[in-house]
Amino acid sequence: MSLKVLLILGHPRRGSFCEALADAYAAGAEAAGADLRRLSLADRGFEPDVLELSPRDQEREPAIAEAMDLVAWAEHLVFVFPTWWGTMPACLKGFLDRVLMPGFAFEGRDDGEGWDKLLIGKSAHLLTTMDTPPFVYRHIYRAPGLNALSRATLGFCGVTPVRSTIFGPVKPASASQRAGWIDDAHREGLCLREGALTPGQRVRGTLAAWFRSFRLQFHPMAWAAYAMGAAGAAQATGKVSWLAFWLGLACLFSLELATVFTNDRFDFESDLRNRHHGPFTGGSRVLVDGSIDLANLHVAALIALGAFAATGLTLATIVSPLPSLVILAALGVLAIGYTVPPLKLCWRGLGEIDVGVTHSLGVILCGYAFQGGAWTNPWPWLVAVPLFFAILPAITLSGIPDYSADRAVGKGTIAVRLGPRIAVRLAQATTAVAAVTAVALLPRLISASLLEAILLLIVPYAIVQILLLERYLQRRLEPRRIDGLMALALTYIVFFVAIPLWVLV
C-alpha cells in the first residue's frame with residue numbers, strides 16, 4: 001500500500017521559498033508512489049490561540065477538524081517551515097497548539113503518572129530554511145526550534161523517529177544554490193520510494209530496540225558478584241586464570257540475555273496490560289511496542305542459549321568440568337525457568353527467591369569454581385547470604401507497579417499473592433536481615449576491615465531504606481510507578497558487591 005504522507009507548509013505567506021521546497025518535495029513524493037495530502041497554513045481559517053482552559057474545550061473550526069483527520073490518517077508527517085528567531089513561525093506554533101490536543105495526540109493519566117502517547121506509529125521529517133549558518137544553528141545554538149518540535153512536541157505525542165533537513169543560509173544564497181536546494185527537496189520526496197525511514201534510521205532503530213531488550217541496567221551487579229567469587233578463589237589458591245574468567249563472564253552474559261528475552265516472551269500478556277511500567281519494571285517493552293517481533297525474539301533467545309552452551313562447554317575444557325558444568329546447568333534451569341514453562345517460577349510465587357539465588361550464590365559460585373575453588377568450600381555459600389537478602393527488597397518491590405497487570409493474567413508474584421502492603425513489609429525485613437548478616441559474616445569471611453565500611457555505609461543506608469519504605473506505607477497503596485524506591489533498593493545491592501570486591505581485589 002502507498003505510504004500516507006501529510007505535508008504541512010508552515011509559512012504564513014504564499015509564494016515563499018518554503019512553498020517552492022514543499023512543491024518540490026510533493027512532486028518527488030508523488031513520483032515515489034506516496035499518497036500525499038497537503039495543508040498550507042497561509043490559508044489557515046482558525047484561531048491560533050488556545051482561549052479555553054484546555055484546547056479540547058475550544059470550539060473546533062472546520063480547518064482544525066480537517067487537520068486532525070489528516071494527522072490521524074497520515075503515517076508520515078512532513079513539516080516545511082522557516083526558522084525565525086531560532087524556532088518556528090507563530091502560525092505553525094498556533095496550529096500545533098490547537099491540533100495536538102489532549103485526547104487526540106496524547107492523554108494524561110488519572111493517577112498523574114506520566115501520559116499516553118496517542119500518535120505512536122507515525123514518523124516525521126522537518127525541512128526548514130534559515131539565514132543562520134546551519135553549523136552555527138546546530139552546534140552553537142543547539143538547534144532549539146528543531147529540538148522543541150521533534151522531541152518536546154512530536155516525540156511527546158509518540159511521533160518517532162523525527163529527522164530534519166536544513167536549507168541555508170537563504171538570504172545570501174545565489175539562484176543556483178536555491179535551485180540546488182529545490183532539487184534536494186525533490187530527492188527527499190523521491191526517497192519515500194524506500195519508505196518513510198532512511199536506511200540509517202532503520203539501522204539505528206533496530207539497534208536501539210535490541211539494546212533495550214538486553215536490559216543492561218541489571219547486568220553489572222551480577223558481573224560484580226561473579227568477580228567477587230573469582231577474587232575469593234584467587235585469594236585462596238594464589239592464582240588467576242583470566243581466560244577462564246572472561247569465558248565465564250561471556251557464558252553468564254549469554255544466559256542473562258536468554259533470560260530477558262524469554263521473560264519478554266512469556267510475560268507479554270502482563271506487560272501488555274501494564275500501565276505502570278518504568279525503567280526497572282514491566283519488561284523491555286520491545287514486543288509491546290512492536291520494535292522487535294516475536295519470531296526474531298525467539299531466534300535471539302535460541303542464539304543466546306547456544307552461546308551459553310558453547311561458552312560453557314569451552315570453559316569445561318580448561319577448568320574442572322564436573323562441578324563447572326553442574327553449576328552452569330543448575331543456574332541455567334533456574335534462570336530460564338523464571339518465566340519459561342513448565343517451571344514458570346515467577347508465576348508460582350517463587351520468582352523472587354529464584355532471582356535472589358541466581359544473582360547471589362549462582363554467580364558467586366561460578367566465579368569461585370571457574371578459578372579452581374572447591375564448590376564444597378563454605379566460603380562462596382556464606383558470602384552469598386548477605387547479597388541474597390539485599391537483592392530480595394528490590395525484586396519484591398518490583399512487583400508493586402506490576403501488581404494489577406500480573407494479577408489480571410494470574411502471575412503469582414509475592415505482591416499478588418500477599419498484597420502490596422505485605423510485600424513492602426517483606427522488603428523492609430529483608431533489608432534489615434541483609435545488613436545484619438553483612439555485619440555477622442563478611443568481616444569474618446573476607447577481612448575484619450570490612451566491619452567499619454559496613455557500619456558506616458550499609459547499616460545507615462538500610463535504616464534510611466526501611467524508613468522511606470515506612471513512609472511509603474503511610475500513603476494509600478495503589479499500583480503505581482515507584483522508580484525512586486526501586487533505584488534506592490537497587491543501589492542497596494551495590495554496597496554488597498562493591499565493598500567486598502574492593503577489599504578482595
# chains A, B, ... in the order shown; residues from 1 in each chain; ligands from 1

call {"tool": "select_by_dssp", "arguments": {"residues": "stretch 284-498 of chain A", "states": "helix (DSSP H, G or I)", "output": "VMD selection string"}}
result
chain A and resid 294 to 316 321 to 336 345 to 347 351 to 370 378 to 397 403 to 409 414 to 418 420 to 445 450 to 473 483 to 498

call {"tool": "residues_around", "arguments": {"residues": "A:Ile318", "least_positions_apart": "6", "cutoff": "12 Å", "atoms": "only C-alpha atoms", "output": "PyMOL selection string"}}
result
chain A and resi 241-245+247-248+311-312+324-325+369-372

call {"tool": "residues_around", "arguments": {"residues": "A:Leu469", "least_positions_apart": "2", "cutoff": "8 Å", "atoms": "only C-alpha atoms", "output": "PyMOL selection string"}}
result
chain A and resi 424+428+465-467+471-473+485

call {"tool": "residues_around", "arguments": {"residues": "A:Thr132", "least_positions_apart": "6", "cutoff": "12 Å", "atoms": "only C-alpha atoms", "output": "JSON, numbers by chain"}}
result
{"A": [82, 83, 84, 85, 86, 87, 138, 139, 140, 141, 143, 166, 167, 168, 169, 170, 171, 172, 173]}

call {"tool": "residues_around", "arguments": {"residues": "A:Ala258", "least_positions_apart": "2", "cutoff": "9 Å", "atoms": "only C-alpha atoms", "output": "PDB file with N, CA and C atoms, in the first residue's frame"}}
result
ATOM      1  N   PHE A 253      26.762 -13.795  30.687  1.00  0.00           N
ATOM      2  CA  PHE A 253      26.107 -12.738  29.907  1.00  0.00           C
ATOM      3  C   PHE A 253      25.141 -13.347  28.899  1.00  0.00           C
ATOM      4  N   SER A 254      25.550 -14.422  28.247  1.00  0.00           N
ATOM      5  CA  SER A 254      24.668 -15.094  27.282  1.00  0.00           C
ATOM      6  C   SER A 254      23.419 -15.629  27.975  1.00  0.00           C
ATOM      7  N   LEU A 255      23.595 -16.203  29.165  1.00  0.00           N
ATOM      8  CA  LEU A 255      22.445 -16.726  29.907  1.00  0.00           C
ATOM      9  C   LEU A 255      21.513 -15.588  30.330  1.00  0.00           C
ATOM     10  N   GLU A 256      22.089 -14.467  30.743  1.00  0.00           N
ATOM     11  CA  GLU A 256      21.272 -13.313  31.138  1.00  0.00           C
ATOM     12  C   GLU A 256      20.453 -12.802  29.956  1.00  0.00           C
ATOM     13  N   VAL A 260      16.320 -12.569  29.729  1.00  0.00           N
ATOM     14  CA  VAL A 260      15.485 -11.380  29.495  1.00  0.00           C
ATOM     15  C   VAL A 260      14.650 -11.543  28.223  1.00  0.00           C
ATOM     16  N   PHE A 261      15.196 -12.236  27.227  1.00  0.00           N
ATOM     17  CA  PHE A 261      14.405 -12.470  26.007  1.00  0.00           C
ATOM     18  C   PHE A 261      13.192 -13.346  26.316  1.00  0.00           C
ATOM     19  N   THR A 262      13.412 -14.426  27.042  1.00  0.00           N
ATOM     20  CA  THR A 262      12.284 -15.312  27.363  1.00  0.00           C
ATOM     21  C   THR A 262      11.306 -14.652  28.329  1.00  0.00           C
ATOM     22  N   ASN A 263      11.815 -13.799  29.216  1.00  0.00           N
ATOM     23  CA  ASN A 263      10.918 -13.059  30.100  1.00  0.00           C
ATOM     24  C   ASN A 263       9.955 -12.191  29.296  1.00  0.00           C
ATOM     25  N   ALA A 300      16.681 -14.827  18.766  1.00  0.00           N
ATOM     26  CA  ALA A 300      17.683 -14.246  19.654  1.00  0.00           C
ATOM     27  C   ALA A 300      17.847 -15.078  20.920  1.00  0.00           C
ATOM     28  N   ALA A 301      16.726 -15.559  21.467  1.00  0.00           N
ATOM     29  CA  ALA A 301      16.803 -16.391  22.671  1.00  0.00           C
ATOM     30  C   ALA A 301      17.556 -17.688  22.390  1.00  0.00           C
ATOM     31  N   LEU A 302      17.296 -18.298  21.232  1.00  0.00           N
ATOM     32  CA  LEU A 302      17.998 -19.531  20.870  1.00  0.00           C
ATOM     33  C   LEU A 302      19.488 -19.286  20.656  1.00  0.00           C
ATOM     34  N   ILE A 303      19.821 -18.157  20.026  1.00  0.00           N
ATOM     35  CA  ILE A 303      21.235 -17.816  19.823  1.00  0.00           C
ATOM     36  C   ILE A 303      21.922 -17.613  21.169  1.00  0.00           C
ATOM     37  N   ALA A 304      21.247 -16.899  22.082  1.00  0.00           N
ATOM     38  CA  ALA A 304      21.828 -16.657  23.395  1.00  0.00           C
ATOM     39  C   ALA A 304      22.024 -17.966  24.155  1.00  0.00           C
ATOM     40  N   LEU A 305      21.036 -18.869  24.076  1.00  0.00           N
ATOM     41  CA  LEU A 305      21.180 -20.171  24.734  1.00  0.00           C
ATOM     42  C   LEU A 305      22.301 -20.977  24.104  1.00  0.00           C
ATOM     43  N   PHE A 308      25.479 -19.616  25.381  1.00  0.00           N
ATOM     44  CA  PHE A 308      25.664 -20.065  26.767  1.00  0.00           C
ATOM     45  C   PHE A 308      26.216 -21.498  26.793  1.00  0.00           C
ATOM     46  N   ALA A 335      17.504 -19.865  35.868  1.00  0.00           N
ATOM     47  CA  ALA A 335      17.368 -18.591  35.162  1.00  0.00           C
ATOM     48  C   ALA A 335      16.279 -18.646  34.104  1.00  0.00           C
ATOM     49  N   ILE A 336      16.313 -19.668  33.249  1.00  0.00           N
ATOM     50  CA  ILE A 336      15.303 -19.789  32.194  1.00  0.00           C
ATOM     51  C   ILE A 336      13.955 -20.163  32.791  1.00  0.00           C
TER      52      ILE A 336
END

call {"tool": "residues_around", "arguments": {"residues": "stretch 349-358 of chain A", "least_positions_apart": "6", "cutoff": "10 Å", "atoms": "only C-alpha atoms", "output": "JSON, numbers by chain"}}
result
{"A": [222, 330, 331, 332, 334, 335, 337, 338, 339, 343, 364, 365, 384, 385, 387, 388, 389, 390, 391, 392, 393, 394, 395, 396, 397, 398, 399, 411, 412, 413, 414, 415, 416, 417, 418]}

call {"tool": "residues_around", "arguments": {"residues": "A:Pro401", "least_positions_apart": "5", "cutoff": "7 Å", "atoms": "only C-alpha atoms", "output": "PyMOL selection string"}}
result
chain A and resi 276-277+479-482

call {"tool": "write_last_selection", "arguments": {"atoms": "C-alpha atoms", "output": "mmCIF file, in the first residue's frame"}}
result
data_model
loop_
_atom_site.group_PDB
_atom_site.id
_atom_site.type_symbol
_atom_site.label_atom_id
_atom_site.label_comp_id
_atom_site.auth_asym_id
_atom_site.auth_seq_id
_atom_site.Cartn_x
_atom_site.Cartn_y
_atom_site.Cartn_z
ATOM 1 C CA HIS A 276 2.866 1.468 35.386
ATOM 2 C CA HIS A 277 5.957 0.177 33.627
ATOM 3 C CA PRO A 479 -0.305 0.235 41.998
ATOM 4 C CA ARG A 480 1.893 2.935 40.523
ATOM 5 C CA ARG A 481 5.454 3.571 39.462
ATOM 6 C CA ILE A 482 7.938 3.619 42.320
#

call {"tool": "atom_distance", "arguments": {"atom1": "atom CA of A:Leu257", "atom2": "atom CA of A:Leu382"}}
result
27.4 Å

call {"tool": "closest_residue", "arguments": {"among": "A:Ala209, A:Val383, A:Ile463, A:Ala32", "to": "A:Arg444", "atoms": "only C-alpha atoms"}}
result
A:Val383

call {"tool": "select_by_dssp", "arguments": {"residues": "stretch 106-331 of chain A", "states": "strand (DSSP E)", "output": "JSON, numbers by chain"}}
result
{"A": [106, 107, 108, 115, 116, 117, 123, 124, 125, 126, 127, 128, 129, 162, 163, 164, 165, 166, 167]}

call {"tool": "write_last_selection", "arguments": {"atoms": "C-alpha atoms", "output": "compact mmCIF listing (two decimals), in the first residue's frame"}}
result
# COMPACT_ATOMS: atom_id res chain seq x y z
CA PHE A 106 -1.70 12.47 23.98
CA GLU A 107 -3.65 11.81 27.15
CA GLY A 108 -2.68 12.43 30.74
CA TRP A 115 0.92 10.19 29.88
CA ASP A 116 -0.15 8.03 26.97
CA LYS A 117 1.27 8.82 23.53
CA SER A 123 7.28 9.33 11.75
CA ALA A 124 8.16 12.87 10.67
CA HIS A 125 10.58 14.92 8.60
CA LEU A 126 11.28 18.60 9.26
CA LEU A 127 12.50 20.75 6.36
CA THR A 128 13.41 24.27 7.44
CA THR A 129 15.02 27.33 5.93
CA VAL A 162 11.89 12.62 13.50
CA ARG A 163 14.67 13.76 11.22
CA SER A 164 15.48 17.23 9.94
CA THR A 165 16.96 18.89 6.88
CA ILE A 166 18.23 22.49 6.97
CA PHE A 167 18.44 24.78 3.93

call {"tool": "closest_residue", "arguments": {"among": "A:Val439, A:Asn274, A:Glu194, A:Glu470", "to": "A:Leu456", "atoms": "only C-alpha atoms"}}
result
A:Val439

call {"tool": "atom_distance", "arguments": {"atom1": "atom CA of A:Glu66", "atom2": "atom CA of A:Leu118"}}
result
17.8 Å

call {"tool": "atom_distance", "arguments": {"atom1": "atom CA of A:Ala63", "atom2": "atom CA of A:Leu7"}}
result
15.1 Å
